[in-house]
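Shown next: work.tsv, containing TSV, C-alpha atoms.
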```tsv
chain	number	residue	atom	x	y	z
A	93	MET	CA	0.00	0.00	0.00
A	94	PRO	CA	1.63	3.28	-1.09
A	95	GLN	CA	2.29	5.78	1.68
A	96	SER	CA	2.97	9.48	1.24
A	97	PHE	CA	6.04	11.20	2.63
A	98	ALA	CA	6.29	13.51	5.60
A	99	TYR	CA	5.35	17.08	4.78
A	100	ILE	CA	7.95	19.67	3.93
A	101	ALA	CA	7.01	22.87	5.74
A	102	ASP	CA	8.33	25.16	8.44
A	103	GLU	CA	7.69	28.59	9.95
A	104	ARG	CA	8.57	30.26	6.61
A	105	THR	CA	6.02	28.31	4.57
A	106	VAL	CA	3.28	30.51	3.11
A	107	ARG	CA	2.24	28.33	0.16
A	108	LEU	CA	1.76	24.57	0.15
A	109	VAL	CA	1.91	22.43	-2.98
A	110	ILE	CA	-0.46	19.49	-2.57
A	111	GLY	CA	-0.06	16.39	-4.71
A	112	SER	CA	-2.15	13.24	-4.68
A	113	MET	CA	0.24	10.37	-3.81
A	114	PRO	CA	3.86	9.68	-4.80
A	115	GLY	CA	4.30	7.55	-7.91
A	116	ALA	CA	6.53	4.50	-8.18
A	117	ALA	CA	9.69	6.48	-9.04
A	118	SER	CA	9.17	8.82	-6.10
A	119	LEU	CA	8.44	5.97	-3.70
A	120	ALA	CA	11.57	4.11	-4.85
A	121	ALA	CA	13.72	7.25	-4.43
A	122	GLY	CA	12.04	8.42	-1.21
A	123	GLU	CA	11.65	11.88	-2.75
A	124	TYR	CA	8.79	14.06	-3.92
A	125	TYR	CA	8.52	14.34	-7.71
A	126	ALA	CA	11.44	11.99	-8.44
A	127	HIS	CA	10.28	10.82	-11.88
A	128	LYS	CA	12.83	12.24	-14.33
A	129	HIS	CA	10.09	13.61	-16.60
A	130	ASN	CA	8.01	15.24	-13.86
A	131	LEU	CA	8.21	19.01	-14.36
A	132	PHE	CA	7.73	20.15	-10.76
A	133	TRP	CA	11.39	20.70	-9.84
A	134	ARG	CA	12.18	22.29	-13.17
A	135	PHE	CA	9.35	24.79	-12.68
A	136	ALA	CA	10.29	25.46	-9.04
A	137	PHE	CA	13.92	26.16	-9.86
A	138	GLU	CA	12.94	28.48	-12.70
A	139	ALA	CA	10.38	30.29	-10.53
A	140	TYR	CA	13.00	30.92	-7.86
A	141	GLY	CA	15.79	31.91	-10.25
A	142	ALA	CA	18.00	28.86	-9.73
A	143	ALA	CA	19.76	26.78	-12.36
A	144	PHE	CA	18.36	23.31	-13.05
A	145	ASP	CA	20.19	20.83	-15.26
A	146	VAL	CA	17.81	18.07	-16.36
A	147	SER	CA	20.74	15.76	-17.13
A	148	GLN	CA	22.19	16.22	-13.63
A	149	PRO	CA	19.42	17.33	-11.28
A	150	PRO	CA	20.43	18.84	-7.94
A	151	ALA	CA	20.50	16.74	-4.79
A	152	TYR	CA	17.16	16.36	-3.04
A	153	ALA	CA	18.37	18.33	0.00
A	154	LEU	CA	19.16	21.28	-2.28
A	155	LYS	CA	15.74	21.01	-3.92
A	156	THR	CA	13.85	21.03	-0.64
A	157	SER	CA	16.08	23.78	0.78
A	158	LEU	CA	15.25	25.99	-2.22
A	159	LEU	CA	11.52	25.50	-1.58
A	160	ARG	CA	11.84	26.33	2.12
A	161	GLU	CA	13.88	29.46	1.37
A	162	HIS	CA	11.06	30.67	-0.85
A	163	GLY	CA	8.21	29.88	1.53
A	164	THR	CA	6.98	26.80	-0.31
A	165	GLY	CA	6.08	23.45	1.24
A	166	LEU	CA	4.97	20.06	-0.07
A	167	TRP	CA	2.55	17.36	1.02
A	168	ASP	CA	0.08	14.93	-0.48
A	169	ALA	CA	-3.68	14.86	-0.07
A	170	ALA	CA	-3.60	11.14	0.73
A	171	ALA	CA	-1.53	9.51	3.44
A	172	PHE	CA	-2.24	5.97	2.19
A	173	CYS	CA	-4.13	4.42	-0.67
A	174	GLN	CA	-4.46	1.33	-2.79
A	175	ARG	CA	-3.04	1.73	-6.28
A	176	GLU	CA	-1.60	-0.42	-9.01
A	177	GLY	CA	1.11	1.51	-10.84
A	178	SER	CA	1.57	5.27	-10.59
A	179	LEU	CA	-1.47	6.77	-12.26
A	180	ASP	CA	-3.72	8.98	-10.16
A	181	ALA	CA	-6.74	7.39	-11.84
A	182	ALA	CA	-5.83	4.10	-10.12
A	183	ILE	CA	-5.99	5.54	-6.56
A	184	LYS	CA	-8.57	3.75	-4.42
A	185	ASN	CA	-9.50	3.82	-0.72
A	186	ALA	CA	-7.42	6.90	0.02
A	187	VAL	CA	-6.87	7.90	3.64
A	188	PRO	CA	-6.19	11.63	4.13
A	189	ASN	CA	-3.15	13.32	5.56
A	190	ASP	CA	-3.91	15.46	8.61
A	191	PHE	CA	-4.15	18.92	7.04
A	192	PRO	CA	-6.05	20.47	9.96
A	193	ALA	CA	-3.09	19.64	12.23
A	194	LEU	CA	-0.53	20.92	9.70
A	195	LEU	CA	-2.40	24.18	9.12
A	196	SER	CA	-2.84	24.63	12.86
A	197	ARG	CA	0.89	24.15	13.38
A	198	TYR	CA	1.74	26.55	10.52
A	199	PRO	CA	-1.11	29.10	10.43
A	200	GLN	CA	0.92	31.39	8.16
A	201	ILE	CA	0.26	29.01	5.23
A	202	GLU	CA	-2.10	31.16	3.20
A	203	CYS	CA	-2.27	29.46	-0.18
A	204	LEU	CA	-2.81	25.86	-1.28
A	205	LEU	CA	-1.51	24.91	-4.74
A	206	PHE	CA	-3.05	21.70	-6.04
A	207	ASN	CA	-0.84	19.73	-8.41
A	208	GLY	CA	-3.59	18.39	-10.66
A	209	GLN	CA	-7.23	17.42	-10.49
A	210	THR	CA	-6.80	14.29	-8.37
A	211	ALA	CA	-4.99	16.15	-5.59
A	212	TYR	CA	-7.74	18.77	-5.55
A	213	LYS	CA	-10.59	16.23	-5.62
A	214	LEU	CA	-9.09	14.16	-2.80
A	215	PHE	CA	-8.51	17.24	-0.65
A	216	ARG	CA	-12.01	18.56	-1.38
A	217	ARG	CA	-13.51	15.20	-0.41
A	218	PHE	CA	-11.61	15.09	2.89
A	219	TYR	CA	-11.55	18.78	3.87
A	220	PRO	CA	-14.11	20.91	2.00
A	221	ALA	CA	-14.29	23.46	4.84
A	222	LEU	CA	-10.55	24.19	4.59
A	223	LEU	CA	-11.07	25.36	1.01
A	224	GLU	CA	-13.23	28.14	2.41
A	225	THR	CA	-10.52	29.35	4.79
A	226	LYS	CA	-7.50	29.47	2.46
A	227	ARG	CA	-6.71	30.88	-0.94
A	228	TRP	CA	-6.16	28.02	-3.36
A	229	LEU	CA	-5.32	27.33	-6.99
A	230	LEU	CA	-5.89	24.23	-9.07
A	231	LEU	CA	-2.85	23.89	-11.33
A	232	PRO	CA	-2.21	21.52	-14.23
A	233	SER	CA	-0.41	18.39	-13.10
A	234	THR	CA	3.36	18.37	-13.53
A	235	SER	CA	3.21	14.62	-14.17
A	236	PRO	CA	4.56	13.28	-17.45
A	237	ALA	CA	1.17	11.57	-17.86
A	238	ASN	CA	-0.45	15.00	-18.29
A	239	ALA	CA	-0.04	15.60	-22.00
A	240	SER	CA	-3.42	17.29	-22.44
A	241	VAL	CA	-2.15	20.71	-21.28
A	242	PRO	CA	0.63	22.23	-23.40
A	243	LEU	CA	4.01	22.60	-21.69
A	244	ALA	CA	4.04	26.39	-22.14
A	245	VAL	CA	0.67	26.70	-20.41
A	246	ARG	CA	1.69	24.47	-17.50
A	247	ARG	CA	4.98	26.33	-17.13
A	248	GLU	CA	3.37	29.78	-17.03
A	249	LYS	CA	0.66	28.77	-14.53
A	250	TRP	CA	3.22	27.16	-12.20
A	251	LEU	CA	5.68	30.06	-12.39
A	252	VAL	CA	2.97	32.56	-11.50
A	253	ALA	CA	1.66	30.38	-8.64
A	254	LEU	CA	5.07	29.63	-7.12
A	255	ARG	CA	6.12	33.26	-7.26
A	256	GLY	CA	2.77	34.44	-5.90
```

Now, as a test, write the supplied structure out as structure tokens.
Amino acid sequence: MPQSFAYIADERTVRLVIGSMPGAASLAAGEYYAHKHNLFWRFAFEAYGAAFDVSQPPAYALKTSLLREHGTGLWDAAAFCQREGSLDAAIKNAVPNDFPALLSRYPQIECLLFNGQTAYKLFRRFYPALLETKRWLLLPSTSPANASVPLAVRREKWLVALRG
């Protein structure tokens, strides 16, 4: 049964990127967005003015440090689920992460950035009232499986959101 990672957030976090559940590559690496074709880290580094070499990506500690320095955190809507493979469409019997506790611990988090429809739908199912208390944006998934939204559109939406 896939299990999400611990959140990445601290007292500086003002925006929280919410995914659905780590895919197989991320679970194997023990890192958020580890699939080599996922665009999240590329967009984050560009948004924050840092170099990102796709052929030699930075170490995970550098990636997460960059996010923290710019007030951005990460977590997944689901803590556990049943899923064959990595596709969000295959998620079943999801159990939520404890967002009320996280947002109570870090009340300065003012904006929730949903990485794709599944993350948003899971969160909305678990915590609809929280959507009324925070600013939030539904962004196109950075997953390589999301070919329906052109790269330029995804890039622009993510850059605006991460800088916001």

Q. What lies within 7 Å of A:Gly165 using all atoms listed in the file, ignoring chain neighbours under 3 positions off, as JSON, numbers by chain?
A. {"A": [100, 101, 105, 107, 108, 109, 159, 160]}

* Within 9 Å of stretch 214-229 of chain A, counting all atoms listed in the file, which residues qualify if same-chain residues fewer than 6 places away don't, as a list in words? ->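 The residues satisfying every condition are Ile110, Ser112, Asp168, Ala169, Ala170, Ala186, Val187, Pro188, Phe191, Pro192, Ile201, Glu202, Cys203, Leu204, Leu205, Phe206, Asn207 and Ala253 of chain A.
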
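Using all atoms listed in the file, the contacts of A:Gly208 at a cut-off of 7 Å, with sequence neighbours closer than 5 positions omitted, comprise Leu230, Leu231, Pro232 and Ser233 of chain A.
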
Closest of A:Leu166, A:Val252, A:Leu243, A:Ala142 to A:Gly111, counting only C-alpha atoms, is A:Leu166

Between A:Ala193, A:Ala120, A:Leu154, A:Ala136, smallest distance to A:Phe97 by only C-alpha atoms belongs to A:Ala120

Hey, which of A:Cys173, A:Ala126, A:Tyr198, A:Gln95 ends up closest to A:Pro150? Count all atoms listed in the file.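 Answer, going by the shortest atom-to-atom distance: A:Ala126.
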
Between A:Asp190, A:Thr234, A:Ser157, A:His127, which residue has the minimum interatomic distance to A:Gln209, considering only C-alpha atoms?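 Smallest distance to A:Gln209 is found for A:Thr234.
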
Mind checking which residues fall within 12 Å of A:Phe137, counting all atoms listed in the file, ignoring those fewer than 3 positions away in the same chain, and posting them as a PyMOL selection string?
chain A and resi 131-134+140-146+149-150+154-159+161-162+164+247+250-251+254-255

- Kindly give the distance, in Å, that separates atom CA of A:Gly256 and atom CA of A:Phe135, rounded to a single decimal.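 Computing it gives 13.5 Å between the two atoms.
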